[in-house]
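Reading through the structure tokens given below for one structure.
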There are 2 protein chains.
Amino acid sequence: MHIELDRNHTLPIYRQIENHLRKAIENGSLKTGTKLPPIRNMASDLGINRITVETAYQYLEADGLIEKKTGSGTFVLPVHGRKTKRREEETAWPHWQFGPLGKIKIENLNRLEDQLQLEQHDSPITFSSGIGDPTLFPIEDFGKTLQRVIRRDGVFSLIYGEPNGYLPLRETISQILAARGQQFAPSDILITTGSQQAITLVSLLILKPGDTVIVENPTYSGASDLFKAFHANVIGIDMDKEGMKVESLEEQLRIFHPKLIYTIPNYNNPTGISMSGYRRRMLLDLAERYNVPILEDDYVGDLRYDGVSLPTLKSLDRVGQVIYISTFSKLLMADIRVGYIISEGPIYEKLVNLKCLNDLATPNLFQRALNAYLSVGRYQAHIKKLTRVYRKRRDFALNAVESIFGQQACRDTPKGGFFLWLGLKDIKDEKLLENNCRKNGVYFGRSYQLLSHPELTFLRMNFAAHPEANIEKGLSRLKKSLADSRC
Amino acid sequence: MHIELDRNHTLPIYRQIENHLRKAIENGSLKTGTKLPPIRNMASDLGINRITVETAYQYLEADGLIEKKTGSGTFVLPVHGRKTKRREEETAWPHWQFGPLGKIKIENLNRLEDQLQLEQHDSPITFSSGIGDPTLFPIEDFGKTLQRVIRRDGVFSLIYGEPNGYLPLRETISQILAARGQQFAPSDILITTGSQQAITLVSLLILKPGDTVIVENPTYSGASDLFKAFHANVIGIDMDKEGMKVESLEEQLRIFHPKLIYTIPNYNNPTGISMSGYRRRMLLDLAERYNVPILEDDYVGDLRYDGVSLPTLKSLDRVGQVIYISTFSKLLMADIRVGYIISEGPIYEKLVNLKCLNDLATPNLFQRALNAYLSVGRYQAHIKKLTRVYRKRRDFALNAVESIFGQQACRDTPKGGFFLWLGLKDIKDEKLLENNCRKNGVYFGRSYQLLSHPELTFLRMNFAAHPEANIEKGLSRLKKSLADSRC
């Protein structure tokens with residue numbers, strides 16, 4: 001068999017042979033069942049190394065084009081239905097896989113499965129979760145609602161709905177908000193696949209690589225990771241008991257001309273701090289004067305344990321400066337993945353289009369079931385119950401910290417939400433502490449150091465996720481881990 | 001201080017007081033630093049309960065308008081951006097809302113609600129949908145599965161699962177693929193929120209503004225719109241009966257150094273054309289030599305009506321050149337929003353991280369229910385049934401086109417999928433035709449003109465979405481609309 005080989009071609013010889021034979025097989029000049037020349041002969045015919053021919057044959061075989069029958073030789077297989085073998089592990093991946101890849105940069109992400117990395121202990125307690133106590137999710141109830149909706153709506157419950165979300169749900173949401181003194185039309189509301197998608201859409205729409213984003217320091221890592229992934233410079237503004245130190249913001253606005261301000265005014269994640277009403281107005285005023293959009297993340301705003309509810313930035317917003325996002329995943333059930341954006345002005349339509357491009361639609365069935373669930377007032381009752389339970393857990397946790405750690409730990413009283421912000425004194429080695437915690441079966445996720453409090457190491461404790469007994473046990477384990485880390 | 005109170009007004013008294021004071025503060029008649037009357041006095045002045053006044057004060061304080069200094073009284077705080085709530089008419093939206101907004105560009109999107117824009121007719125027939133016939137979705141069955149899973153898994157069915165998807169589902173998918181001669185480990189599979197999100201993730205990861213993307217001409221607008229939204233230059237390669245003319249691709253690769261090749265080798269959307277096995281190998285070979293990743297969209301690959309199944313590009317891929325995406329939304333039910341990516345090499349982990357940043361997780365309940373549904377072989381039976389039904393509809397549609405349009409229309413026989421590609425001769429005015437179609441109660445979505453066939457206007461007809469009677473009726477309405485557009 002003669003094959004034209006070009007030794008100067010970028011394509012290696014074995015590839016040239018492989019391609020030649022493949023074409024021959026494809027165009028039928030080498031018919032099914034044809035016996036190929038033995039490697040030895042082909043090698044000498046072409047004046048090349050046997051290995052080269054062998055390699056070509058191997059690829060063709062891996063590709064399902066030919067088959068080696070030991071003893072009798074190598075034969076052409078039927079053209080269709082080809083199986084392929086993966087190459088061995090020493091595969092050299094294509095160059096493009098090693099970037100520089102497009103516009104995304106992903107570093108040390110706080111991954112969800114963090115919560116699962118506790119195999120070292122048989123009954124671990126994790127305070128690292130970002131949601132409420134799953135055992136309190138109204139699952140039975142919601143399951144029944146799902147069934148009812150499927151029976152009621154038939155196919156309509158399972159085909160794509162309106163791109164901006166199921167209208168009755170948007171109406172119900174606008175009623176719930178009205179009851180809290182926020183007036184927004186259903187046409188201002190865009191249903192998203194959880195509030196994480198909402199943050200993604202806003203970031204995609206507003207941020208260019210190199211843009212600056214202002215956040216609270218510290219803030220929700222799922223947001224700051226996202227901003228950084230889009231190559232934004234993230235600048236954190238320190239917080240005090242009244243939330244973001246807005247007084248020091250104006251200078252940053254002047255210097256960096258940020259393109260976005262991301263804030264969690266109610267029960268900030270991770271610190272649990274709430275922004276004072278005065279600061280809220282100040283922030284809004286600055287944002288308007290410097291023409292910077294505010295992304296207000298109110299992920300758990302209606303879970304308040306004491307004090308009066310403060311107005312959301314969005315409810316104070318008169319000109320469309322604020323993009324408000326919230327979700328039902330945190331309180332109702334994590335998995336329902338239904339969040340929403342409230343925005344006014346030209347940006348609304350752009351967000352809807354972007355939402356379509358992102359995932360076409362948020363599951364219609366969940367939207368309809370959620371609406372059925374919300375509209376009969378079950379949600380409000382559910383929130384009442386959660387507030388009662390979580391308030392008790394918060395108070396219990398505060399007392400437990402007091403009695404177990406005394407002066408060893410600082411904390412404030414969160415007015416709502418899930419998180420207790422624990423400041424531990426003179427920790428020499430955070431990594432060691434975390435490892436000891438894992439050994440002792442307690443987990444808080446990453447620890448934080450803040451320049452404003454160099455003497456403290458902070459842990460975010462989700463007190464809502466556990467009954468009192470576990471809270472106490474978990475804190476004792478932390479205590480022990482602290483001791484282990486000292487000696 | 002005197003305040004006009006209307007006891008018959010729906011607005012509670014404390015609200016009326018609050019509003020009165022707010023106005024006074026905002027229009028400056030109550031200056032910064034002004035001391036408000038003690039609650040006791042105001043209450044007696046107005047002849048109302050102290051609590052009522054106290055409540056009003058509390059809201060104003062929460063709003064950051066006034067401040068209570070224990071001992072000395074309650075005072076008006078400095079003004080911060082207090083304009084009166086603006087009315088829609090006189091809206092001036094913030095500058096930032098008018099862009100240039102970040103990295104996203106959104107133009108004439110093919111929106112889903114296109115399907116709904118037929119109010120002009122009382123029994124419209126739409127062939128524009130991109131999914132199968134919803135009335136054939138196994139809804140009852142799936143609803144029961146949902147229930148079973150909720151009872152079986154309890155809370156676990158409704159909290160976030162693994163970031164790359166529910167493992168048993170990934171295992172099931174890898175088994176289903178193995179049965180089709182594709183061997184991929186569950187660890188190569190990433191579950192996404194429909195295949196649209198899969199396209200988004202790959203685009204985000206790989207594309208920079210100004211990058212070039214190669215697609216088939218024509219291709220799925222949901223993908224090309226997305227690439228354009230990311231400021232990519234989209235270059236379409238013409239197709240013939242064997243799919244993308246890969247022969248003419250190499251020159252484009254040399255000139256434009258594209259960063260991505262997006263292709264739908266099986267039953268291309270919108271043309272229904274399948275790429276020949278020879279072209280598939282050629283395309284893969286070129287992609288490898290020019291180091292360009294291939295995004296293979298196999299949205300409905302297993303819906304084949306005749307001929308042999310051709311190997312997917314991914315199954316021919318030996319080096320990790322191909323990123324393969326598919327979905328269960330098209331055949332099982334649109335709303336389930338579970339798709340998947342298969343990718344090997346470093347890019348897999350990056351896609352998982354990006355997936356987390358995008359929407360945290362794909363609904364775990366759907367993943368578990370889908371797995372329960374798939375693993376008992378129901379899915380395969382369902383596909384068999386659909387194939388039988390849709391094949392009949394395809395053949396019926398082809399005959400109907402023949403008998404109704406004869407030489408007026410060209411079409412080929414799609415070997416699978418949903419779409420019949422109708423080429424209509426000498427259409428003078430597409431817009432007029434579309435309007436007449438709406439009037440006559442039939443809808444195909446946008447029409448296409450191709451330079452390769454200047455004499456034809458193409459329509460994408462989803463023959464799978466309707467029973468035979470509607471197909472015939474719909475085509476007759478098109479015939480009438482053609483006539484109306486001519487005279």
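If you're wondering about the labels, chains in the structure tokens are A, B, ... by order shown, residues count from 1 in each chain, ligands from 1 in order shown.
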
Fill in the blank from the handout: LSQ fit chain B -> chain A, all C-alpha atoms paired sequentially, RMSD 8.6 Å

Practice task
Using only C-alpha atoms, determine which residues lie at most 9 Å from Ile325 in chain B, disregarding the query and same-chain residues fewer than 6 positions distant; provide the list as a VMD selection string.
Solution key: chain B and resid 195 198 to 199 295 to 299 339 to 343

Practice task
Would you kindly return, as a PyMOL selection string, each protein, DNA or RNA residue with an atom no farther than 10 Å from any atom of Phe418 in chain B, considering only C-alpha atoms and excluding same-chain residues fewer than 2 positions away?
Solution key: chain B and resi 127+129-133+267-272+300+303+330+390-391+393-394+414-416+420+460-465

Exercise for the section: Please identify which residues in range 8-247 of chain B DSSP calls alpha helix (DSSP H) from the backbone, and express them as a PyMOL selection string. Expected result: chain B and resi 13-26+39-46+50-62+139-153+167-179+194-206+221-229

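Nearest-residue note for Gln182 in chain B: choosing from B:Ser315, B:Gln380, B:Asn353, B:Ser221, the minimum distance belongs to B:Ser315, counting only C-alpha atoms.
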